[in-house]
>>> print(open('coords-v7.cif').read())   # mmCIF, C-alpha atoms
data_coords
#
loop_
_atom_site.label_atom_id
_atom_site.label_comp_id
_atom_site.auth_asym_id
_atom_site.auth_seq_id
_atom_site.Cartn_x
_atom_site.Cartn_y
_atom_site.Cartn_z
CA MET M 1 13.68 -38.57 -10.43
CA LYS M 2 14.23 -37.32 -6.90
CA LYS M 3 14.66 -33.56 -6.65
CA LYS M 4 17.80 -32.11 -5.13
CA PRO M 5 17.37 -30.21 -1.84
CA LYS M 6 16.09 -26.65 -2.32
CA GLY M 7 19.24 -25.20 -0.76
CA GLU M 8 21.45 -27.04 -3.22
CA ARG M 9 19.34 -25.88 -6.16
CA PHE M 10 19.55 -22.29 -4.94
CA GLU M 11 23.32 -22.55 -4.62
CA THR M 12 23.43 -23.73 -8.24
CA LEU M 13 21.57 -20.57 -9.30
CA LEU M 14 24.03 -18.39 -7.37
CA ASP M 15 26.97 -20.21 -8.99
CA ILE M 16 25.47 -19.66 -12.46
CA MET M 17 25.05 -15.94 -11.79
CA ALA M 18 28.61 -15.66 -10.49
CA LYS M 19 29.88 -17.43 -13.62
CA LEU M 20 27.93 -15.09 -15.89
CA ARG M 21 29.53 -12.08 -14.17
CA ALA M 22 33.05 -13.56 -14.16
CA PRO M 23 35.79 -12.19 -16.47
CA ASP M 24 35.26 -15.16 -18.81
CA GLY M 25 31.48 -14.99 -18.48
CA CYS M 26 28.80 -13.24 -20.55
CA PRO M 27 29.73 -9.78 -21.92
CA TRP M 28 26.14 -8.53 -21.61
CA ASP M 29 25.76 -9.67 -17.99
CA ARG M 30 29.12 -8.14 -17.08
CA GLU M 31 28.07 -4.77 -18.53
CA GLN M 32 24.95 -4.46 -16.37
CA SER M 33 24.58 -2.23 -13.32
CA PRO M 34 21.87 -1.85 -10.69
CA GLN M 35 20.50 1.12 -12.62
CA SER M 36 20.40 -0.74 -15.94
CA LEU M 37 18.38 -3.55 -14.32
CA LYS M 38 15.55 -1.26 -13.19
CA PRO M 39 13.41 -1.60 -16.35
CA TYR M 40 13.86 -5.38 -16.33
CA ILE M 41 12.76 -5.59 -12.69
CA VAL M 42 9.53 -3.73 -13.50
CA GLU M 43 8.97 -5.75 -16.68
CA GLU M 44 9.47 -9.10 -14.96
CA ALA M 45 7.11 -8.14 -12.13
CA TYR M 46 4.34 -7.35 -14.62
CA GLU M 47 5.00 -10.51 -16.61
CA LEU M 48 4.57 -12.51 -13.40
CA ILE M 49 1.24 -10.76 -12.80
CA ASP M 50 0.16 -11.68 -16.35
CA ALA M 51 1.12 -15.30 -15.71
CA LEU M 52 -0.93 -15.33 -12.50
CA ASP M 53 -3.92 -13.92 -14.38
CA SER M 54 -3.56 -16.61 -17.06
CA GLY M 55 -3.80 -19.42 -14.50
CA ASP M 56 -0.92 -21.20 -16.27
CA GLU M 57 1.20 -22.71 -13.49
CA THR M 58 4.12 -23.40 -15.83
CA ALA M 59 4.17 -19.72 -16.82
CA VAL M 60 4.00 -18.68 -13.15
CA VAL M 61 7.04 -20.84 -12.38
CA GLU M 62 8.98 -19.39 -15.31
CA GLU M 63 8.12 -15.77 -14.58
CA SER M 64 8.79 -16.23 -10.85
CA GLY M 65 12.25 -17.43 -11.81
CA ASP M 66 12.80 -14.43 -14.05
CA LEU M 67 11.89 -12.06 -11.21
CA LEU M 68 14.06 -13.98 -8.74
CA LEU M 69 16.96 -13.67 -11.18
CA GLN M 70 16.83 -9.88 -10.88
CA VAL M 71 17.25 -10.12 -7.10
CA VAL M 72 20.12 -12.59 -7.48
CA PHE M 73 21.69 -10.35 -10.13
CA LEU M 74 21.62 -7.31 -7.81
CA ALA M 75 23.11 -9.29 -4.93
CA GLN M 76 25.92 -10.64 -7.13
CA MET M 77 26.87 -7.14 -8.30
CA ALA M 78 26.85 -5.85 -4.73
CA SER M 79 29.00 -8.73 -3.45
CA GLU M 80 31.58 -8.08 -6.19
CA LYS M 81 32.10 -4.61 -4.68
CA GLY M 82 32.35 -5.91 -1.13
CA GLY M 83 28.75 -5.04 -0.27
CA TYR M 84 25.87 -7.31 0.65
CA ASP M 85 25.31 -10.77 -0.79
CA MET M 86 22.31 -13.04 -1.31
CA GLY M 87 22.68 -14.41 2.21
CA ASP M 88 22.16 -10.91 3.60
CA VAL M 89 19.01 -10.53 1.49
CA ILE M 90 17.62 -13.80 2.84
CA ASP M 91 18.55 -12.89 6.42
CA ALA M 92 16.88 -9.48 6.07
CA ILE M 93 13.55 -10.80 4.83
CA SER M 94 13.56 -13.69 7.31
CA HIS M 95 14.15 -11.29 10.19
CA LYS M 96 11.45 -8.92 8.90
CA LEU M 97 8.86 -11.71 8.59
CA ARG M 98 9.49 -12.90 12.13
CA ARG M 99 9.41 -9.36 13.52
CA ARG M 100 6.17 -8.45 11.73
CA HIS M 101 4.37 -11.66 12.72
CA PRO M 102 4.59 -11.65 16.54
CA HIS M 103 1.28 -13.54 16.59
CA VAL M 104 3.05 -16.45 14.87
CA PHE M 105 6.63 -16.26 16.13
CA GLY M 106 5.90 -14.60 19.47
CA SER M 107 3.27 -14.48 22.18
CA LEU M 108 0.98 -11.80 20.75
CA GLU M 109 -2.65 -12.86 20.29
CA VAL M 110 -4.82 -11.45 17.49
CA SER M 111 -8.51 -11.89 16.74
CA ASP M 112 -8.61 -11.49 12.94
CA SER M 113 -6.73 -10.37 9.81
CA ASP M 114 -7.72 -6.72 10.38
CA GLU M 115 -5.85 -6.73 13.67
CA VAL M 116 -2.88 -8.35 11.93
CA ALA M 117 -2.86 -5.49 9.39
CA ARG M 118 -3.01 -2.85 12.15
CA ASN M 119 -0.14 -4.49 14.00
CA TRP M 120 1.84 -4.70 10.75
CA GLU M 121 1.49 -0.94 10.16
CA GLN M 122 2.41 -0.16 13.76
CA ILE M 123 5.55 -2.30 13.52
CA LYS M 124 6.50 -0.58 10.25
CA ARG M 125 6.17 2.83 11.91
CA GLU M 126 8.38 1.69 14.76
CA GLU M 127 10.94 0.43 12.24
CA ARG M 128 11.01 3.82 10.53
CA ARG M 129 11.55 5.54 13.87
CA GLU M 130 14.44 3.17 14.60
CA LYS M 131 15.97 4.14 11.26
CA ARG M 132 15.47 7.81 12.18
CA CYS M 133 13.20 8.32 9.19
CA LYS M 134 10.44 10.90 9.26
CA ASP M 135 7.52 8.95 10.62
CA PHE M 136 4.85 10.03 8.15
CA LEU M 137 1.97 7.69 7.46
CA LEU M 138 2.56 7.88 3.72
CA SER M 139 6.28 7.13 4.01
CA GLY M 140 7.25 3.97 2.25
CA VAL M 141 4.77 4.16 -0.66
CA PRO M 142 7.25 4.09 -3.57
CA ARG M 143 7.06 7.02 -5.97
CA SER M 144 8.08 4.67 -8.79
CA LEU M 145 4.83 2.67 -8.57
CA PRO M 146 2.37 3.00 -11.47
CA GLY M 147 0.17 6.01 -10.76
CA LEU M 148 -3.11 4.21 -10.13
CA LEU M 149 -1.47 1.60 -7.93
CA ARG M 150 0.28 4.30 -5.90
CA ALA M 151 -3.00 6.20 -5.53
CA HIS M 152 -4.61 3.01 -4.17
CA GLN M 153 -1.85 2.50 -1.62
CA LEU M 154 -1.81 6.15 -0.51
CA GLN M 155 -5.57 6.04 0.01
CA GLU M 156 -5.32 2.79 1.96
CA ARG M 157 -2.71 4.31 4.27
CA ALA M 158 -4.89 7.37 4.90
CA ALA M 159 -7.95 5.18 5.46
CA LYS M 160 -6.21 3.31 8.27
CA VAL M 161 -6.42 6.44 10.45
CA GLY M 162 -9.99 7.28 9.44
CA PHE M 163 -9.33 9.75 6.61
CA ASP M 164 -11.83 8.15 4.28
CA TRP M 165 -15.49 7.96 3.43
CA PRO M 166 -17.38 5.42 5.55
CA SER M 167 -17.35 1.90 4.20
CA GLY M 168 -20.32 1.34 1.92
CA ASP M 169 -20.91 5.05 1.25
CA ILE M 170 -20.44 4.66 -2.50
CA ASP M 171 -22.73 7.61 -3.31
CA SER M 172 -20.31 10.06 -1.67
CA VAL M 173 -17.39 8.64 -3.67
CA LEU M 174 -19.42 8.81 -6.88
CA ASP M 175 -20.31 12.43 -6.07
CA LYS M 176 -16.59 13.17 -5.73
CA VAL M 177 -15.94 11.63 -9.16
CA ALA M 178 -18.76 13.73 -10.64
CA GLU M 179 -17.31 16.83 -8.96
CA GLU M 180 -13.88 16.18 -10.50
CA ILE M 181 -15.43 15.62 -13.94
CA GLU M 182 -17.24 18.95 -13.66
CA GLU M 183 -14.03 20.73 -12.60
CA LEU M 184 -12.23 19.23 -15.60
CA ARG M 185 -15.09 20.28 -17.88
CA ARG M 186 -14.96 23.84 -16.47
CA ALA M 187 -11.19 24.07 -16.93
CA TYR M 188 -11.55 22.94 -20.54
CA ARG M 189 -14.37 25.34 -21.35
CA GLU M 190 -12.54 28.28 -19.79
CA LYS M 191 -9.31 27.36 -21.63
CA GLU M 192 -7.28 27.44 -18.43
CA GLY M 193 -4.22 25.90 -20.06
CA GLU M 194 -2.48 22.54 -20.28
CA ASP M 195 -1.10 22.56 -16.73
CA ARG M 196 -4.52 23.22 -15.21
CA LEU M 197 -6.17 20.57 -17.38
CA GLY M 198 -3.48 18.08 -16.38
CA GLU M 199 -4.05 18.85 -12.71
CA GLU M 200 -7.80 18.36 -13.00
CA LEU M 201 -7.35 15.16 -14.99
CA GLY M 202 -5.00 13.85 -12.29
CA ASP M 203 -7.60 14.64 -9.63
CA LEU M 204 -10.15 12.67 -11.63
CA PHE M 205 -7.86 9.64 -11.89
CA PHE M 206 -7.23 9.84 -8.14
CA ALA M 207 -10.98 9.95 -7.45
CA LEU M 208 -11.56 6.98 -9.76
CA ALA M 209 -8.87 5.02 -7.93
CA ASN M 210 -10.71 5.80 -4.70
CA LEU M 211 -13.99 4.64 -6.22
CA SER M 212 -12.40 1.38 -7.33
CA ARG M 213 -11.01 0.82 -3.83
CA HIS M 214 -14.40 1.44 -2.20
CA LEU M 215 -15.98 -1.03 -4.61
CA GLY M 216 -13.49 -3.64 -3.44
CA GLY M 217 -11.19 -3.44 -6.44
CA ASN M 218 -7.83 -1.98 -7.41
CA ALA M 219 -7.75 0.68 -10.14
CA GLU M 220 -4.49 -0.62 -11.62
CA VAL M 221 -5.90 -4.12 -11.96
CA CYS M 222 -9.16 -2.74 -13.37
CA VAL M 223 -7.46 -0.66 -16.05
CA GLN M 224 -5.20 -3.57 -17.03
CA LYS M 225 -8.29 -5.72 -17.53
CA ALA M 226 -9.83 -2.93 -19.60
CA ASN M 227 -6.63 -2.81 -21.67
CA GLY M 228 -6.92 -6.53 -22.29
CA LYS M 229 -10.58 -6.27 -23.26
CA PHE M 230 -9.87 -3.41 -25.66
CA THR M 231 -6.99 -5.37 -27.22
CA ARG M 232 -9.12 -8.48 -27.77
CA ARG M 233 -11.94 -6.50 -29.38
CA PHE M 234 -9.59 -4.46 -31.54
CA CYS M 235 -7.92 -7.69 -32.70
CA TYR M 236 -11.35 -8.87 -33.79
CA ILE M 237 -11.85 -5.70 -35.85
CA GLU M 238 -8.40 -6.09 -37.39
CA GLU M 239 -9.19 -9.67 -38.39
CA GLN M 240 -12.40 -8.48 -40.09
CA VAL M 241 -10.51 -5.78 -41.97
CA ARG M 242 -7.92 -8.30 -43.16
CA SER M 243 -10.50 -10.92 -44.14
CA GLN M 244 -12.29 -8.42 -46.35
CA GLY M 245 -9.08 -7.49 -48.14
CA LYS M 246 -9.51 -3.79 -47.42
CA ASP M 247 -7.35 -1.08 -45.91
CA TRP M 248 -8.15 0.79 -42.72
CA LYS M 249 -8.69 4.00 -44.71
CA ASP M 250 -11.50 2.29 -46.62
CA TYR M 251 -13.66 2.25 -43.47
CA SER M 252 -15.61 5.13 -42.01
CA LEU M 253 -15.67 5.62 -38.27
CA GLU M 254 -19.30 4.44 -38.27
CA GLU M 255 -18.32 1.18 -40.00
CA LEU M 256 -15.49 0.58 -37.52
CA GLU M 257 -17.89 1.25 -34.65
CA ALA M 258 -20.26 -1.35 -36.12
CA LEU M 259 -17.41 -3.89 -36.12
CA TRP M 260 -16.67 -2.92 -32.51
CA GLN M 261 -20.25 -3.68 -31.57
CA GLN M 262 -19.92 -7.04 -33.34
CA ALA M 263 -16.81 -7.78 -31.31
CA LYS M 264 -18.65 -7.07 -28.06
CA THR M 265 -21.23 -9.77 -28.80
CA ALA M 266 -19.21 -12.22 -30.93
CA LEU M 267 -16.00 -12.39 -28.91
CA PRO M 268 -16.19 -14.17 -25.54
CA GLU M 269 -14.01 -12.60 -22.89
CA SER M 270 -12.04 -15.83 -22.60
CA LEU M 271 -10.69 -15.53 -26.16
CA SER M 272 -7.63 -13.50 -27.05
CA CYS M 273 -7.70 -13.35 -30.89
CA GLY M 274 -4.61 -15.49 -31.25
CA LEU M 275 -2.54 -13.41 -28.85
CA SER M 276 -1.04 -15.00 -25.77
CA ASP M 277 -2.30 -13.80 -22.40
CA THR M 278 0.95 -11.93 -21.78
CA GLU M 279 0.63 -10.13 -25.12
CA VAL M 280 -2.93 -9.14 -24.36
#
>>> encode(input="coords-v7.cif", output="C-alpha cells")
Amino acid sequence: MKKKPKGERFETLLDIMAKLRAPDGCPWDREQSPQSLKPYIVEEAYELIDALDSGDETAVVEESGDLLLQVVFLAQMASEKGGYDMGDVIDAISHKLRRRHPHVFGSLEVSDSDEVARNWEQIKREERREKRCKDFLLSGVPRSLPGLLRAHQLQERAAKVGFDWPSGDIDSVLDKVAEEIEELRRAYREKEGEDRLGEELGDLFFALANLSRHLGGNAEVCVQKANGKFTRRFCYIEEQVRSQGKDWKDYSLEELEALWQQAKTALPESLSCGLSDTEV
C-alpha cells in the first residue's frame, strides 16, 4: 500500500494531539502541563537510547515516536494559550540547521569534521551574544543532564580551548584518578564528615568521566553498560537460587560470590536472562 505523504501523516498526528486535549478528549491528557511532562521526556529519551542499543529497528521507530509525541504535546499546550505551535518549532530547528551549516547551505569551505565542530561552537557563541546571554564557554550545558553526561560535555567544552591533557596522555589522567582516590581515602580515614566525603567522591566521578573521554568513550554510556552487565549476572544468580529451592538468606556471601563467578563465565554478554533489552 502506498504511503501517504510525510506532511499529511504529520498533520494527522497534530490532529490527534489536538483531539486528545479538546474538552471532549482524554481527561489525563487535558490535565497535563509542561512541568508534568518533564519526567516523561527524560524517560522517553532513555528508552530511545535503549532501543538504539538493542539494534531493533521496530523498537527504534516506536520509541522515536514516543519522544516526538512529547514535543508535539508541548507545542499543543503552548498553542492553546496563544503561544508557539508546532510550525514554530519546525521553523526554529530548520533555521538553526541552515545557520550552523554554512559549509552546506552557504559558501563557507571546511577541510574536515573538526573544523565543522569549531565553526559550530563559534556560531553558538555568536548566537548567545545576539540573545544578550553571558558568553561563557560552559553556557548551554544543561544542569538537568545526568551527572556523568554533563561532566563529559563540560570537559569537552573546556578541551576546545586547550584546557585539557594532551591527546594520548592517558597516564596523566590515570594519575589524576589515583590522586582523587587518595584524597577520598584520606577524607574517610580522618573522618572529615559527610559533606567532605561527598565532595571528594564527586571529584573522583568527574576524574573518571575525564578518563573515559580520553579513552574515546562516554562515562554515562559506560556506566549504563556496566548496569546492564550487573543486571544480567545478578539475574543468573537469582535463577540459580530459585532452581535450588532456597531462600537468599540460606546463602553465605562466599556462596553468592561463587555464583557470581559462574555467571561471568557461563553467561554470554549477548544474553539477558529473560529480560528485554529495555529492562536490562
>>> residues_around(input="coords-v7.cif", residues="M:Asp15", least_positions_apart="3", cutoff="12 Å", atoms="only C-alpha atoms", output="mmCIF file with C-alpha atoms, keeping the file's coordinate frame")
data_model
loop_
_atom_site.group_PDB
_atom_site.id
_atom_site.type_symbol
_atom_site.label_atom_id
_atom_site.label_comp_id
_atom_site.auth_asym_id
_atom_site.auth_seq_id
_atom_site.Cartn_x
_atom_site.Cartn_y
_atom_site.Cartn_z
ATOM 1 C CA GLU M 8 21.450 -27.040 -3.220
ATOM 2 C CA ARG M 9 19.340 -25.880 -6.160
ATOM 3 C CA PHE M 10 19.550 -22.290 -4.940
ATOM 4 C CA GLU M 11 23.320 -22.550 -4.620
ATOM 5 C CA THR M 12 23.430 -23.730 -8.240
ATOM 6 C CA ALA M 18 28.610 -15.660 -10.490
ATOM 7 C CA LYS M 19 29.880 -17.430 -13.620
ATOM 8 C CA LEU M 20 27.930 -15.090 -15.890
ATOM 9 C CA ARG M 21 29.530 -12.080 -14.170
ATOM 10 C CA ALA M 22 33.050 -13.560 -14.160
ATOM 11 C CA GLY M 25 31.480 -14.990 -18.480
ATOM 12 C CA VAL M 72 20.120 -12.590 -7.480
ATOM 13 C CA PHE M 73 21.690 -10.350 -10.130
ATOM 14 C CA GLN M 76 25.920 -10.640 -7.130
ATOM 15 C CA MET M 86 22.310 -13.040 -1.310
#
>>> resolve_selection(input="coords-v7.cif", expression="the PyMOL selection byres ((chain M and resi 88) around 12)", output="ChimeraX atom specification")
/M:71-72,74-76,78-79,83-87,89-95
>>> write_last_selection(input="coords-v7.cif", atoms="C-alpha atoms", output="short mmCIF file (atom, residue, chain, number, x, y, z; two decimals), keeping the file's coordinate frame")
data_model
loop_
_atom_site.label_atom_id
_atom_site.label_comp_id
_atom_site.auth_asym_id
_atom_site.auth_seq_id
_atom_site.Cartn_x
_atom_site.Cartn_y
_atom_site.Cartn_z
CA VAL M 71 17.25 -10.12 -7.10
CA VAL M 72 20.12 -12.59 -7.48
CA LEU M 74 21.62 -7.31 -7.81
CA ALA M 75 23.11 -9.29 -4.93
CA GLN M 76 25.92 -10.64 -7.13
CA ALA M 78 26.85 -5.85 -4.73
CA SER M 79 29.00 -8.73 -3.45
CA GLY M 83 28.75 -5.04 -0.27
CA TYR M 84 25.87 -7.31 0.65
CA ASP M 85 25.31 -10.77 -0.79
CA MET M 86 22.31 -13.04 -1.31
CA GLY M 87 22.68 -14.41 2.21
CA VAL M 89 19.01 -10.53 1.49
CA ILE M 90 17.62 -13.80 2.84
CA ASP M 91 18.55 -12.89 6.42
CA ALA M 92 16.88 -9.48 6.07
CA ILE M 93 13.55 -10.80 4.83
CA SER M 94 13.56 -13.69 7.31
CA HIS M 95 14.15 -11.29 10.19
#
>>> closest_residue(input="coords-v7.cif", among="M:Thr231, M:Gly147, M:Arg189, M:Leu184", to="M:Ala209", atoms="all atoms listed in the file")
M:Gly147
>>> closest_residue(input="coords-v7.cif", among="M:Lys3, M:Lys38, M:Arg30, M:His152", to="M:Gly216", atoms="all atoms listed in the file")
M:His152
>>> closest_residue(input="coords-v7.cif", among="M:Gly106, M:Gly228, M:Gly65, M:Gly162", to="M:Ile41", atoms="all atoms listed in the file")
M:Gly65
>>> axis_aligned_box(input="coords-v7.cif", around="stretch 81-85 of chain M", padding_each_side="8 Å", output="JSON")
{"center_x": 28.8, "center_y": -7.7, "center_z": -2.0, "size_x": 23.0, "size_y": 22.2, "size_z": 21.3}
>>> atom_distance(input="coords-v7.cif", atom1="atom CA of M:Arg185", atom2="atom CA of M:Leu211")
19.5 Å
>>> atom_distance(input="coords-v7.cif", atom1="atom CA of M:Tyr46", atom2="atom CA of M:Lys160")
27.4 Å
>>> closest_residue(input="coords-v7.cif", among="M:Ile181, M:Ile123, M:Val141, M:Ile170", to="M:Lys96", atoms="all atoms listed in the file")
M:Ile123
>>> resolve_selection(input="coords-v7.cif", expression="the PyMOL selection byres ((chain M and resi 165) around 12)", output="PDB file with C-alpha atoms, keeping the file's coordinate frame")
ATOM      1  CA  GLN M 155      -5.570   6.040   0.010  1.00  0.00           C
ATOM      2  CA  GLU M 156      -5.320   2.790   1.960  1.00  0.00           C
ATOM      3  CA  ALA M 158      -4.890   7.370   4.900  1.00  0.00           C
ATOM      4  CA  ALA M 159      -7.950   5.180   5.460  1.00  0.00           C
ATOM      5  CA  LYS M 160      -6.210   3.310   8.270  1.00  0.00           C
ATOM      6  CA  VAL M 161      -6.420   6.440  10.450  1.00  0.00           C
ATOM      7  CA  GLY M 162      -9.990   7.280   9.440  1.00  0.00           C
ATOM      8  CA  PHE M 163      -9.330   9.750   6.610  1.00  0.00           C
ATOM      9  CA  ASP M 164     -11.830   8.150   4.280  1.00  0.00           C
ATOM     10  CA  PRO M 166     -17.380   5.420   5.550  1.00  0.00           C
ATOM     11  CA  SER M 167     -17.350   1.900   4.200  1.00  0.00           C
ATOM     12  CA  GLY M 168     -20.320   1.340   1.920  1.00  0.00           C
ATOM     13  CA  ASP M 169     -20.910   5.050   1.250  1.00  0.00           C
ATOM     14  CA  ILE M 170     -20.440   4.660  -2.500  1.00  0.00           C
ATOM     15  CA  ASP M 171     -22.730   7.610  -3.310  1.00  0.00           C
ATOM     16  CA  SER M 172     -20.310  10.060  -1.670  1.00  0.00           C
ATOM     17  CA  VAL M 173     -17.390   8.640  -3.670  1.00  0.00           C
ATOM     18  CA  LEU M 174     -19.420   8.810  -6.880  1.00  0.00           C
ATOM     19  CA  ASP M 175     -20.310  12.430  -6.070  1.00  0.00           C
ATOM     20  CA  LYS M 176     -16.590  13.170  -5.730  1.00  0.00           C
ATOM     21  CA  ALA M 207     -10.980   9.950  -7.450  1.00  0.00           C
ATOM     22  CA  ASN M 210     -10.710   5.800  -4.700  1.00  0.00           C
ATOM     23  CA  LEU M 211     -13.990   4.640  -6.220  1.00  0.00           C
ATOM     24  CA  ARG M 213     -11.010   0.820  -3.830  1.00  0.00           C
ATOM     25  CA  HIS M 214     -14.400   1.440  -2.200  1.00  0.00           C
TER      26      HIS M 214
END
>>> residues_near_point(input="coords-v7.cif", point="(15.1, -1.5, -12.7)", cutoff="12 Å", atoms="all atoms listed in the file", output="list in words")
Gln32, Ser33, Pro34, Gln35, Ser36, Leu37, Lys38, Pro39, Tyr40, Ile41, Val42, Glu43, Glu44, Ala45, Leu67, Gln70, Val71, Phe73, Leu74, Ser144 and Leu145 of chain M
>>> atom_distance(input="coords-v7.cif", atom1="atom CA of M:Glu80", atom2="atom CA of M:Pro23")
11.8 Å
>>> residues_around(input="coords-v7.cif", residues="stretch 111-122 of chain M", least_positions_apart="5", cutoff="12 Å", atoms="all atoms listed in the file", output="PDB file with C-alpha atoms, in the coordinates of the input")
ATOM      1  CA  LYS M  96      11.450  -8.920   8.900  1.00  0.00           C
ATOM      2  CA  LEU M  97       8.860 -11.710   8.590  1.00  0.00           C
ATOM      3  CA  ARG M  98       9.490 -12.900  12.130  1.00  0.00           C
ATOM      4  CA  ARG M  99       9.410  -9.360  13.520  1.00  0.00           C
ATOM      5  CA  ARG M 100       6.170  -8.450  11.730  1.00  0.00           C
ATOM      6  CA  HIS M 101       4.370 -11.660  12.720  1.00  0.00           C
ATOM      7  CA  PRO M 102       4.590 -11.650  16.540  1.00  0.00           C
ATOM      8  CA  HIS M 103       1.280 -13.540  16.590  1.00  0.00           C
ATOM      9  CA  VAL M 104       3.050 -16.450  14.870  1.00  0.00           C
ATOM     10  CA  GLU M 127      10.940   0.430  12.240  1.00  0.00           C
ATOM     11  CA  ARG M 128      11.010   3.820  10.530  1.00  0.00           C
ATOM     12  CA  ARG M 129      11.550   5.540  13.870  1.00  0.00           C
ATOM     13  CA  ASP M 135       7.520   8.950  10.620  1.00  0.00           C
ATOM     14  CA  PHE M 136       4.850  10.030   8.150  1.00  0.00           C
ATOM     15  CA  LEU M 137       1.970   7.690   7.460  1.00  0.00           C
ATOM     16  CA  LEU M 138       2.560   7.880   3.720  1.00  0.00           C
ATOM     17  CA  SER M 139       6.280   7.130   4.010  1.00  0.00           C
ATOM     18  CA  GLY M 140       7.250   3.970   2.250  1.00  0.00           C
ATOM     19  CA  GLU M 156      -5.320   2.790   1.960  1.00  0.00           C
ATOM     20  CA  ARG M 157      -2.710   4.310   4.270  1.00  0.00           C
ATOM     21  CA  ALA M 158      -4.890   7.370   4.900  1.00  0.00           C
ATOM     22  CA  ALA M 159      -7.950   5.180   5.460  1.00  0.00           C
ATOM     23  CA  LYS M 160      -6.210   3.310   8.270  1.00  0.00           C
ATOM     24  CA  VAL M 161      -6.420   6.440  10.450  1.00  0.00           C
TER      25      VAL M 161
END
>>> closest_residue(input="coords-v7.cif", among="M:Asp247, M:Glu220, M:Glu238, M:Glu57", to="M:Leu208", atoms="all atoms listed in the file")
M:Glu220
>>> decode(input="coords-v7.cif", residues="stretch 224-240 of chain M", atoms="N, CA and C atoms", output="short mmCIF file (atom, residue, chain, number, x, y, z; two decimals), in the first residue's frame")
data_model
loop_
_atom_site.label_atom_id
_atom_site.label_comp_id
_atom_site.auth_asym_id
_atom_site.auth_seq_id
_atom_site.Cartn_x
_atom_site.Cartn_y
_atom_site.Cartn_z
N GLN M 224 26.11 2.80 32.02
CA GLN M 224 24.86 2.13 31.65
C GLN M 224 25.15 0.69 31.18
N LYS M 225 26.24 0.52 30.45
CA LYS M 225 26.63 -0.83 30.04
C LYS M 225 26.99 -1.68 31.25
N ALA M 226 27.68 -1.06 32.21
CA ALA M 226 28.02 -1.79 33.44
C ALA M 226 26.76 -2.17 34.20
N ASN M 227 25.78 -1.27 34.21
CA ASN M 227 24.50 -1.58 34.86
C ASN M 227 23.84 -2.79 34.21
N GLY M 228 23.88 -2.81 32.87
CA GLY M 228 23.29 -3.93 32.16
C GLY M 228 24.01 -5.23 32.44
N LYS M 229 25.33 -5.17 32.49
CA LYS M 229 26.12 -6.38 32.76
C LYS M 229 25.84 -6.90 34.16
N PHE M 230 25.79 -5.97 35.14
CA PHE M 230 25.48 -6.38 36.51
C PHE M 230 24.10 -7.03 36.58
N THR M 231 23.12 -6.43 35.88
CA THR M 231 21.75 -6.95 35.91
C THR M 231 21.69 -8.35 35.34
N ARG M 232 22.37 -8.58 34.20
CA ARG M 232 22.36 -9.90 33.58
C ARG M 232 22.97 -10.95 34.51
N ARG M 233 24.10 -10.61 35.13
CA ARG M 233 24.77 -11.57 36.00
C ARG M 233 23.97 -11.82 37.28
N PHE M 234 23.35 -10.77 37.81
CA PHE M 234 22.55 -10.95 39.01
C PHE M 234 21.31 -11.79 38.72
N CYS M 235 20.75 -11.62 37.51
CA CYS M 235 19.62 -12.46 37.10
C CYS M 235 20.02 -13.93 37.09
N TYR M 236 21.24 -14.18 36.63
CA TYR M 236 21.74 -15.55 36.60
C TYR M 236 21.78 -16.12 38.03
N ILE M 237 22.32 -15.34 38.97
CA ILE M 237 22.37 -15.79 40.36
C ILE M 237 20.96 -16.05 40.88
N GLU M 238 20.04 -15.15 40.57
CA GLU M 238 18.67 -15.31 41.06
C GLU M 238 18.04 -16.59 40.52
N GLU M 239 18.32 -16.89 39.26
CA GLU M 239 17.79 -18.12 38.67
C GLU M 239 18.36 -19.36 39.38
N GLN M 240 19.64 -19.31 39.76
CA GLN M 240 20.25 -20.43 40.47
C GLN M 240 19.62 -20.60 41.85
#
